Every structure is written in C-alpha cells, then in structure tokens.
>>> print(open('structure.txt').read())   # compact mmCIF, C-alpha atoms
# COMPACT_ATOMS: atom_id res chain seq x y z
CA MET K 184 19.46 27.94 4.81
CA GLN K 185 16.20 29.06 6.39
CA ASN K 186 14.49 25.67 6.04
CA PHE K 187 12.00 26.83 8.62
CA LYS K 188 10.09 28.62 5.83
CA ASN K 189 9.39 25.31 4.08
CA LYS K 190 8.55 23.63 7.37
CA LEU K 191 5.97 26.32 8.13
CA TYR K 192 4.60 26.40 4.56
CA ASP K 193 4.02 22.63 4.55
CA PHE K 194 2.79 22.51 8.14
CA GLU K 195 -0.26 20.21 8.35
CA VAL K 196 -2.60 19.35 11.22
CA THR K 197 -5.70 17.17 11.10
CA PRO K 198 -8.62 19.43 12.04
CA PRO K 199 -11.16 18.44 14.73
CA GLU K 200 -13.93 16.18 13.41
CA ASN K 201 -16.75 18.58 14.27
CA ILE K 202 -15.49 21.14 11.73
CA TRP K 203 -16.71 19.18 8.71
CA SER K 204 -20.15 18.61 10.26
CA ASN K 205 -20.42 22.36 10.94
CA ILE K 206 -19.35 23.18 7.37
CA SER K 207 -21.83 20.75 5.82
CA LYS K 208 -24.64 22.28 7.90
CA ASP K 209 -23.73 25.77 6.74
CA LEU K 210 -23.55 24.99 3.04
CA PRO K 211 -26.44 26.73 1.26
CA GLY K 212 -28.49 24.43 -0.98
CA ASN K 213 -26.40 21.51 0.12
CA LYS K 214 -27.86 18.88 -2.13
CA ILE K 215 -25.89 15.81 -3.07
CA ILE K 216 -27.51 13.92 -5.90
CA LYS K 217 -26.21 10.67 -7.27
CA ILE K 218 -26.14 10.40 -11.03
CA THR K 219 -28.30 7.29 -10.79
CA ASP K 220 -30.98 9.31 -8.93
CA ARG K 221 -30.78 11.97 -11.57
CA LYS K 222 -31.98 9.49 -14.17
CA LYS K 223 -35.24 9.13 -12.29
CA SER K 224 -36.05 12.79 -12.46
CA LYS K 225 -39.11 13.41 -14.58
CA ASN K 226 -38.25 17.05 -15.05
CA LEU K 227 -34.91 16.13 -16.52
CA TYR K 228 -36.60 13.68 -18.90
CA TYR K 229 -38.92 16.35 -20.27
CA LEU K 230 -36.06 18.83 -20.40
CA ALA K 231 -33.99 16.34 -22.40
CA ILE K 232 -36.84 15.89 -24.91
CA ALA K 233 -37.18 19.66 -25.28
CA ALA K 234 -33.41 20.05 -25.71
CA ALA K 235 -33.29 17.23 -28.29
CA SER K 236 -36.12 18.88 -30.27
CA LEU K 237 -34.23 22.18 -30.30
CA VAL K 238 -31.05 20.43 -31.48
CA VAL K 239 -32.95 18.72 -34.33
CA ILE K 240 -34.47 22.05 -35.41
CA PHE K 241 -31.07 23.74 -35.24
CA LEU K 242 -29.32 20.97 -37.18
CA GLY K 243 -32.12 20.98 -39.75
CA SER K 244 -31.71 24.70 -40.34
CA LEU K 245 -27.93 24.27 -40.69
CA PHE K 246 -28.46 21.40 -43.15
CA PHE K 247 -30.58 23.54 -45.46
CA LYS K 248 -28.16 26.45 -45.14
CA TYR K 249 -25.10 24.37 -46.13
CA ASN K 250 -26.88 22.57 -48.96
CA SER K 251 -27.78 25.87 -50.56
CA SER K 252 -24.18 27.26 -50.35
CA SER K 253 -21.45 26.72 -53.00
CA PRO K 254 -19.27 23.51 -52.95
CA GLY K 255 -16.02 25.51 -52.44
CA ASP K 256 -17.35 27.15 -49.27
CA SER K 257 -18.50 23.81 -47.96
CA ASP K 258 -15.00 22.25 -48.31
CA THR K 259 -13.32 25.05 -46.34
CA THR K 260 -15.88 24.86 -43.54
CA THR K 261 -15.55 21.09 -43.28
CA THR K 262 -11.73 21.28 -43.04
CA VAL K 263 -11.81 23.87 -40.24
CA SER K 264 -14.56 22.06 -38.37
CA THR K 265 -12.73 18.73 -38.62
CA GLU K 266 -9.57 20.25 -37.11
CA LYS K 267 -11.54 21.84 -34.29
CA MET K 268 -13.43 18.63 -33.76
CA ARG K 269 -10.19 16.61 -33.62
CA ASP K 270 -8.66 18.93 -30.98
CA SER K 271 -11.84 18.94 -28.98
CA MET K 272 -12.12 15.14 -29.18
CA ALA K 273 -8.54 14.68 -28.03
CA LEU K 274 -9.06 17.01 -25.05
CA ASN K 275 -12.35 15.46 -23.98
CA HIS K 276 -10.88 12.01 -24.51
CA LYS K 277 -8.03 12.88 -22.13
CA ILE K 278 -10.28 14.40 -19.43
CA LEU K 279 -12.78 11.55 -19.56
CA GLU K 280 -10.05 8.92 -19.46
CA SER K 281 -8.37 10.53 -16.45
CA ILE K 282 -11.68 10.71 -14.55
CA ILE K 283 -12.58 7.12 -15.40
CA HIS K 284 -9.16 5.86 -14.28
CA SER K 285 -9.19 7.89 -11.06
CA PRO K 286 -9.51 5.77 -7.90
CA LYS K 287 -12.52 7.76 -6.68
CA GLU K 288 -15.94 6.13 -6.31
CA LYS K 289 -17.84 6.87 -9.51
CA HIS K 290 -21.17 7.15 -7.73
CA GLU K 291 -19.76 9.93 -5.58
CA ILE K 292 -19.93 12.32 -8.51
CA VAL K 293 -22.28 15.01 -7.34
CA LEU K 294 -23.96 18.10 -8.58
CA ASN K 295 -22.51 21.38 -7.51
CA ASP K 296 -25.83 22.97 -6.73
CA LEU K 297 -24.60 25.83 -4.55
CA GLN K 298 -25.08 28.76 -6.86
CA SER K 299 -28.58 28.24 -8.16
CA PRO K 300 -30.34 25.34 -6.50
CA GLY K 301 -33.36 24.06 -8.36
CA ILE K 302 -32.23 25.27 -11.77
CA PRO K 303 -31.27 22.49 -14.21
CA LYS K 304 -27.57 22.53 -15.02
CA LYS K 305 -26.00 22.45 -18.46
CA TYR K 306 -22.87 21.01 -16.89
CA ILE K 307 -22.09 18.92 -13.84
CA THR K 308 -19.03 19.84 -11.84
CA VAL K 309 -17.02 16.82 -10.74
CA ALA K 310 -13.78 16.42 -8.86
CA GLY K 311 -10.92 15.88 -11.31
CA PRO K 312 -7.85 13.71 -10.66
CA GLU K 313 -6.19 16.51 -8.60
CA GLY K 314 -9.41 17.44 -6.79
CA GLN K 315 -9.91 20.38 -9.14
CA PRO K 316 -13.41 21.17 -10.44
CA VAL K 317 -14.04 19.83 -13.95
CA LYS K 318 -17.18 20.66 -15.88
CA ILE K 319 -18.66 17.79 -17.85
CA SER K 320 -21.97 17.25 -19.59
CA PRO K 321 -24.63 15.05 -17.95
CA LYS K 322 -24.12 12.57 -20.83
CA ALA K 323 -20.43 12.26 -20.02
CA ALA K 324 -21.31 11.75 -16.35
CA THR K 325 -23.63 8.88 -17.31
CA LEU K 326 -20.82 7.38 -19.39
CA ILE K 327 -18.48 7.56 -16.39
CA ILE K 328 -21.01 5.65 -14.29
CA ALA K 329 -21.40 3.09 -17.10
CA ALA K 330 -17.69 2.84 -17.74
CA ASN K 331 -16.86 0.69 -14.70
CA ASN K 332 -13.17 1.60 -15.07
CA ASP K 333 -13.05 0.45 -18.70
CA PHE K 334 -11.84 2.95 -21.19
CA PRO K 335 -13.31 3.24 -23.76
CA PRO K 336 -16.51 2.51 -21.79
CA LYS K 337 -18.58 -0.70 -21.98
CA PRO K 338 -19.12 -2.30 -25.43
CA THR K 339 -22.79 -1.31 -25.49
CA TRP K 340 -21.82 2.30 -25.13
CA SER K 341 -18.98 1.99 -27.63
CA LYS K 342 -21.35 0.56 -30.23
CA LYS K 343 -23.85 3.34 -29.67
CA VAL K 344 -21.14 5.96 -29.85
CA ASP K 345 -19.61 4.37 -32.99
CA LYS K 346 -23.01 4.36 -34.70
CA TRP K 347 -23.62 7.95 -33.69
CA GLN K 348 -20.20 8.97 -34.91
CA LYS K 349 -20.62 7.32 -38.30
CA ILE K 350 -23.90 9.14 -38.78
CA MET K 351 -22.36 12.42 -37.74
CA LEU K 352 -19.23 12.00 -39.87
CA SER K 353 -21.11 10.88 -42.97
CA SER K 354 -23.40 13.88 -42.65
CA THR K 355 -22.62 17.09 -44.49
CA ILE K 356 -22.72 18.85 -41.14
CA SER K 357 -19.77 18.49 -38.81
CA PRO K 358 -20.68 17.78 -35.18
CA THR K 359 -20.10 20.60 -32.76
CA PHE K 360 -17.77 20.04 -29.82
CA ALA K 361 -20.76 19.93 -27.51
CA GLY K 362 -21.94 16.72 -29.22
CA ILE K 363 -21.65 13.31 -27.63
CA ALA K 364 -19.49 12.08 -30.53
CA ASP K 365 -16.54 14.14 -29.39
CA LEU K 366 -16.85 13.12 -25.75
CA VAL K 367 -15.94 9.48 -26.27
CA VAL K 368 -13.99 8.19 -29.21
CA ASP K 369 -11.99 5.01 -29.31
CA ALA K 370 -8.47 4.80 -30.64
CA SER K 371 -9.43 3.28 -33.99
CA ASN K 372 -11.77 6.16 -34.74
CA MET K 373 -9.09 8.69 -33.82
CA GLU K 374 -6.73 7.02 -36.33
CA LYS K 375 -9.37 7.09 -39.01
CA LEU K 376 -9.91 10.79 -38.42
CA GLN K 377 -6.19 11.56 -38.57
CA MET O 3 -17.36 16.70 -4.23
CA GLN O 4 -17.33 19.02 -1.21
CA LYS O 5 -16.19 16.19 1.07
CA LEU O 6 -13.51 15.08 -1.42
CA LEU O 7 -12.10 18.59 -1.49
CA TYR O 8 -12.25 18.82 2.29
CA ASP O 9 -10.45 15.50 2.77
CA ARG O 10 -7.72 16.52 0.36
CA PHE O 11 -6.96 20.00 1.66
CA SER O 12 -8.24 20.21 5.26
CA SER O 13 -4.96 19.30 6.98
CA LYS O 14 -2.90 21.81 5.00
CA MET O 15 -5.47 24.58 5.38
CA TYR O 16 -5.88 23.93 9.09
CA GLY O 17 -2.10 24.41 9.33
CA VAL O 18 -2.50 27.79 7.61
CA CYS O 19 -5.35 28.73 9.99
CA LEU O 20 -3.26 27.85 13.05
CA ARG O 21 -0.34 29.90 11.78
CA TYR O 22 -2.43 33.02 11.23
CA THR O 23 -4.57 32.94 14.37
CA ASP O 24 -3.87 33.14 18.10
CA ASN O 25 -5.81 30.13 19.32
CA THR O 26 -7.55 26.97 18.11
CA GLU O 27 -10.99 28.53 18.57
CA ASP O 28 -10.19 31.26 16.04
CA ALA O 29 -8.47 28.72 13.78
CA ASN O 30 -11.64 26.59 13.77
CA ASP O 31 -13.77 29.63 12.85
CA VAL O 32 -11.44 30.58 9.99
CA MET O 33 -11.33 26.97 8.79
CA GLN O 34 -15.13 26.76 8.65
CA GLU O 35 -15.55 30.16 7.01
CA GLY O 36 -12.71 29.47 4.56
CA PHE O 37 -14.13 26.20 3.24
CA ILE O 38 -17.59 27.69 2.75
CA LYS O 39 -15.97 30.48 0.70
CA VAL O 40 -14.03 27.91 -1.33
CA TYR O 41 -17.22 26.00 -2.18
CA LYS O 42 -19.07 29.17 -3.13
CA SER O 43 -16.17 30.41 -5.26
CA LEU O 44 -15.50 27.11 -7.07
CA PRO O 45 -17.30 28.18 -10.27
CA LYS O 46 -14.97 31.21 -10.39
CA PHE O 47 -11.82 29.06 -10.47
CA ARG O 48 -10.46 29.48 -14.00
CA GLY O 49 -7.80 26.82 -13.83
CA GLU O 50 -5.03 29.42 -13.99
CA GLY O 51 -2.25 28.54 -11.56
CA SER O 52 -2.32 25.83 -8.94
CA PHE O 53 -5.60 24.85 -7.34
CA GLU O 54 -3.97 24.54 -3.91
CA GLY O 55 -2.50 28.05 -4.28
CA TRP O 56 -5.97 29.38 -5.09
CA ILE O 57 -7.46 27.71 -1.98
CA ARG O 58 -4.56 28.89 0.19
CA ARG O 59 -5.15 32.49 -0.90
CA ILE O 60 -8.82 32.23 0.12
CA PHE O 61 -7.79 30.99 3.56
CA ILE O 62 -5.21 33.73 4.02
CA ASN O 63 -7.78 36.38 3.05
CA THR O 64 -10.29 34.83 5.46
CA SER O 65 -7.69 34.93 8.24
CA ILE O 66 -7.01 38.60 7.47
CA GLU O 67 -10.73 39.43 7.60
CA HIS O 68 -11.05 37.55 10.87
CA PHE O 69 -8.05 39.41 12.25
CA ARG O 70 -9.39 42.79 11.10
CA LYS O 71 -12.52 42.28 13.15
CA LYS O 72 -10.35 42.06 16.23
CA VAL O 73 -7.36 44.33 15.67
CA LYS O 74 -6.81 47.50 13.69
CA LEU O 75 -3.37 47.69 12.12
CA TYR O 76 -2.16 51.30 12.19
CA ASN O 77 0.38 52.82 9.84
CA VAL O 78 3.58 53.32 11.79
CA ASN O 79 6.90 55.07 11.26
CA GLU O 80 9.04 53.30 8.75
CA VAL O 81 11.90 51.13 9.93
CA HIS O 82 14.21 49.73 7.29
CA GLU O 83 13.55 46.07 6.69
CA ASN O 84 17.19 45.06 6.78
CA THR O 85 17.78 46.61 10.22
CA ILE O 86 17.48 43.14 11.67
CA GLU O 87 19.65 40.66 9.87
CA ASP O 88 18.09 37.43 8.70
CA VAL O 89 20.99 35.57 10.32
CA ALA O 90 19.08 35.66 13.60
CA LEU O 91 16.30 33.65 11.95
CA ASP O 92 18.68 30.92 10.80
CA ALA O 93 18.53 29.62 14.37
CA LEU O 94 14.96 28.52 13.58
CA ASP O 95 16.23 26.02 10.99
CA SER O 96 17.51 23.60 13.60
CA LEU O 97 14.18 23.53 15.47
CA ALA O 98 11.23 21.19 14.99
CA THR O 99 8.10 22.66 13.35
CA LYS O 100 6.24 22.51 16.67
CA ASP O 101 8.92 24.63 18.38
CA ILE O 102 9.13 27.13 15.48
CA LEU O 103 5.37 27.58 15.71
CA SER O 104 5.45 28.14 19.43
CA ILE O 105 8.09 30.88 18.92
CA ILE O 106 6.09 32.53 16.13
CA ASN O 107 2.95 32.37 18.22
CA GLU O 108 4.63 34.62 20.77
CA LEU O 109 4.59 37.44 18.22
CA SER O 110 1.78 39.97 18.35
CA PRO O 111 -1.02 39.26 15.82
CA GLY O 112 0.05 42.11 13.49
CA TYR O 113 3.69 41.05 13.39
CA LYS O 114 2.75 37.42 12.95
CA GLN O 115 0.52 38.16 9.99
CA VAL O 116 3.10 40.20 8.05
CA PHE O 117 5.85 37.71 8.93
CA ASN O 118 3.78 34.77 7.67
CA MET O 119 2.72 36.56 4.50
CA HIS O 120 6.18 37.80 3.53
CA VAL O 121 8.58 35.17 4.85
CA VAL O 122 6.50 31.99 4.60
CA GLU O 123 4.03 32.69 1.77
CA GLY O 124 6.40 34.90 -0.21
CA TYR O 125 4.07 37.86 -0.83
CA SER O 126 5.72 41.16 -1.76
CA HIS O 127 5.26 44.21 0.48
CA LYS O 128 3.07 45.72 -2.25
CA GLU O 129 0.76 42.68 -2.15
CA ILE O 130 0.71 42.67 1.65
CA ALA O 131 -0.10 46.39 1.69
CA ASP O 132 -3.02 45.83 -0.70
CA MET O 133 -4.35 42.84 1.21
CA LEU O 134 -4.08 44.41 4.65
CA GLY O 135 -5.04 47.95 3.66
CA ILE O 136 -1.77 49.48 4.91
CA THR O 137 1.16 51.22 3.21
CA GLU O 138 4.19 49.36 1.88
CA GLY O 139 6.31 51.20 4.45
CA THR O 140 4.15 49.92 7.28
CA SER O 141 4.44 46.39 5.94
CA LYS O 142 8.24 46.70 5.90
CA SER O 143 8.28 48.18 9.41
CA GLN O 144 6.04 45.45 10.78
CA LEU O 145 8.32 42.82 9.27
CA ALA O 146 11.47 44.43 10.69
CA ARG O 147 9.87 44.67 14.12
CA ALA O 148 8.63 41.08 13.86
CA LYS O 149 12.16 39.89 13.07
CA GLY O 150 13.51 41.92 16.00
CA ALA O 151 10.93 40.42 18.34
CA LEU O 152 11.71 36.93 17.06
CA LYS O 153 15.42 37.48 17.65
CA LYS O 154 14.71 38.43 21.29
CA ILE O 155 12.46 35.42 21.81
CA ILE O 156 15.08 33.07 20.32
CA GLU O 157 17.83 34.62 22.48
CA SER O 158 15.76 34.40 25.65
CA ARG O 159 14.94 30.75 24.96
CA THR O 160 18.57 29.92 24.14
CA GLY O 161 19.65 31.74 27.32
CA ALA O 162 17.15 29.80 29.39
CA ILE O 163 18.43 26.51 27.96
CA LYS O 164 22.07 27.49 28.71
CA ASN O 165 21.18 28.46 32.30
CA ASN O 166 19.39 25.16 32.80
CA ASP O 167 22.46 23.30 31.52
CA LYS O 168 24.75 25.22 33.95
CA GLU O 169 22.47 24.45 36.89
CA GLU O 170 22.36 20.80 35.94
CA LYS O 171 26.20 20.66 35.79
CA LYS O 172 26.44 22.24 39.28
>>> encode(input="structure.txt", output="structure tokens")
Amino acid sequence: MQNFKNKLYDFEVTPPENIWSNISKDLPGNKIIKITDRKKSKNLYYLAIAAASLVVIFLGSLFFKYNSSSPGDSDTTTTVSTEKMRDSMALNHKILESIIHSPKEKHEIVLNDLQSPGIPKKYITVAGPEGQPVKISPKAATLIIAANNDFPPKPTWSKKVDKWQKIMLSSTISPTFAGIADLVVDASNMEKLQ
Amino acid sequence: MQKLLYDRFSSKMYGVCLRYTDNTEDANDVMQEGFIKVYKSLPKFRGEGSFEGWIRRIFINTSIEHFRKKVKLYNVNEVHENTIEDVALDALDSLATKDILSIINELSPGYKQVFNMHVVEGYSHKEIADMLGITEGTSKSQLARAKGALKKIIESRTGAIKNNDKEEKK
C-alpha cells in the first residue's frame, strides 16, 4: 500500500560531474593536509614540545597533591579513575579498531580546517566507518597511518604503548582519558586491567 | 573527508534536490549550496539520530530557502485534509519511480513542497508550518489541494492511455 512513498524517499540520481568541482572551489579554507605532511610542520613540533611541557608541569603538581593527601582518599580516587579509564579505553579501542579496519585509504584522512583555518587543532576530524565525523587526537591519527590494517598497530608501536602504559599504571596518578595509553591497548592489557 | 562524504551521499541528496525543485538548474544550485552547508555544519553534528537524516534535513531546508526566494506561500482558507481520499494515490504504487516523479513534477511548487514533506518525508503539519513559516491549517490545505491535483493528473493520464488503446483497437 502506497509503495510510491518509499520509491520517492529512496530515489537516487548521480549528479553531474561539474557539481563537485564547483563545491570544492566554494569551500572556504579548503585545505587538505595528509597526516604525513603534518609531521613535517615545524610549528606543530614546537607546539608539541610546549604541550608536553605543560602536561609534565600539570602531572607534577598532581603528583605532589596526591602524595600529601591521606591513603584512604587515594584508594577511592584510584578506584573511580580506573573504572573511568577502563570505559574510556574500551570506547577508544572500539573506535580506533573500526577506523583501522575500514576499507578507506588511510592517507586520505584529512584535517577539517573549515571553521578556523590556520589555528592548530586539538582534534582531527576523520570520516568514520559510516562516513560520520569522528574526532580523534593527532596521536591516534598517526597510529592509524602506522597501523597498516593491523590491530593492535605495528609491534614497534605496541611496545612503545605497552611501556608507556606500564609507567602510567605503576604511577600513583591514573592517566586521564586524553592520554595515549587509553587510545590503544591490546587485549592482554585489557584482561590485566579487568 | 569532504569528497568521501560527497561520494557517499551525493546520489541520494541529488534525488532530494530533484524532488523539491522544478528543473535541473535549480536542483544543481540546491545541491551545491546544500553540501557547502553540510561541510560548514559538520562540527555541530552531535551524533544524535542518523547522520543521513541530519544531512537530508539540511538539504530540505536549503530547498525551502531556494524556493522562498522565488515564490511566496500565502496562508489560504482551510480545506480539510481528508477531503481527498488517499485511495486516489494508490494508483501511483503501480508506476515506476520515473513516472511518479513526472506526475509529481506537474504540481505547482507550493503543493509539491508540502506533499513531499508530509507524504514522503513524514513531517507533521506542525513541523511543516514551522519550516515554511505558514500556519498548520495552510499546510493541511496545501496538502489536500495537492492530492486533488494529483488525482486529476492521474485520471487525465489514465484517460489518455485508455483513449489510445481504443484508437489502436479501431
């Protein structure tokens, strides 16, 4: 009954070829940057150093704060943080895995620079498995490039991430869910955590 | 990412553009304008609901804006929606998409818009009224008139086919 509604809703026509060329001309700040090019950027290098320094200062201040608090308080905080970290790890693990296994060309991951061209981004927007925008950190984007369809990514990366994770987990401070440790975690580490 | 999005949704959205406009030139304009809006609005997508539904809504709104530049839809006297029975529209079921579109394209732009929004997209009259800047009553009237016009078009086409058959038999 009234199938015509579905026929009209799903109606598809390939648009003329010149439409895309017109759209791409009209896009403001249309800048497509490959992740590999991004590595070469000097500005990004200096920005990364500045960001790393800030993180060290912040972690240092947290370290002194937690060491001076009572042991009971510390236990509660660690439990809550571990749960949050586990959820966050599982979610990031899922997103990263789906992007790595997607059939799309990894080098096609581009910056969405439309809103504020020229300003360094905290996140990179990439196309997810359904074409939906997914925000990931530049570190995760580099991992995707390095992954070469292996999940978890290449052994060199896994070793680095394992080492990082051990340091983070043995520390009195739990890693935040913005840390690299929760972006990639292999199955064995997930079991250990659980 | 822009090209990936375009490749994935361009055919469907061009279908929407063709349904809401009178000619391919207007459809091309809406298509271009719609995709630029999608790219600009991407950071605003919260992941609530389907991504295709979100894009489709942008294209429908762009079509409405495009249409508004050309035609002003006036509030008219209310006609009850059910005046024209939906049975008349069942005749469309047996037709190919191309033929259904050619029939719908014979409707005036105002009728076509309300018909597409209510019957095909499933918007309520309240939503249509908000989107088009008209009253709910006007939306209902436009739909009833659109259905009436469609019924006449279908009858005239069926009549023409029957007459052709009779002449061929003679």
>>> residues_around(input="structure.txt", residues="Tyr8 of chain O", least_positions_apart="6", cutoff="12 Å", atoms="only C-alpha atoms", output="list in words")
Thr197, Pro198, Glu200, Ile202, Trp203, Ser204, Ile206, Ser207, Ala310, Gly314 and Gln315 of chain K; Lys14, Met15, Tyr16, Met33, Gln34, Gly36, Phe37, Ile38, Val40, Tyr41, Glu54 and Ile57 of chain O
>>> residues_around(input="structure.txt", residues="Leu134 of chain O", least_positions_apart="2", cutoff="12 Å", atoms="all atoms listed in the file", output="PyMOL selection string")
chain O and resi 62-70+73-77+112+115-116+119+125+127-132+136-138+140-141+144
>>> closest_atom_pairs(input="structure.txt", of="chain O", to="chain K", cutoff="7 Å", atoms="all atoms listed in the file", output="tab-separated table")
residue	atom	partner	partner_atom	distance
O:Met3	CA	K:Ala310	CA	5.9
O:Leu7	CA	K:Gly314	CA	6.1
O:Ser12	CA	K:Pro198	CA	6.8
O:Ser13	CA	K:Thr197	CA	4.7
O:Lys14	CA	K:Glu195	CA	4.6
O:Tyr16	CA	K:Val196	CA	6.0
O:Gly17	CA	K:Glu195	CA	4.7
O:Asn30	CA	K:Ile202	CA	7.0
O:Gln34	CA	K:Ile206	CA	5.7
O:Ile38	CA	K:Leu210	CA	6.5
O:Lys42	CA	K:Leu297	CA	6.6
O:Phe53	CA	K:Gln315	CA	6.5
O:Asp92	CA	K:Gln185	CA	5.4
O:Leu94	CA	K:Phe187	CA	6.0
O:Asp95	CA	K:Phe187	CA	4.9
O:Thr99	CA	K:Lys190	CA	6.1
O:Val121	CA	K:Lys188	CA	6.8
O:Val122	CA	K:Lys188	CA	5.1
O:Glu123	CA	K:Tyr192	CA	6.9
>>> atom_distance(input="structure.txt", atom1="atom CA of Lys71 of chain O", atom2="atom CA of Arg59 of chain O")
18.6 Å
>>> atom_distance(input="structure.txt", atom1="atom CA of Gly150 of chain O", atom2="atom CA of Glu108 of chain O")
12.4 Å
>>> atom_distance(input="structure.txt", atom1="atom CA of Lys114 of chain O", atom2="atom CA of Lys153 of chain O")
13.5 Å
>>> closest_residue(input="structure.txt", among="O:Lys154, O:Arg147, O:Phe47, O:Ile106", to="Asp24 of chain O", atoms="only C-alpha atoms")
O:Ile106
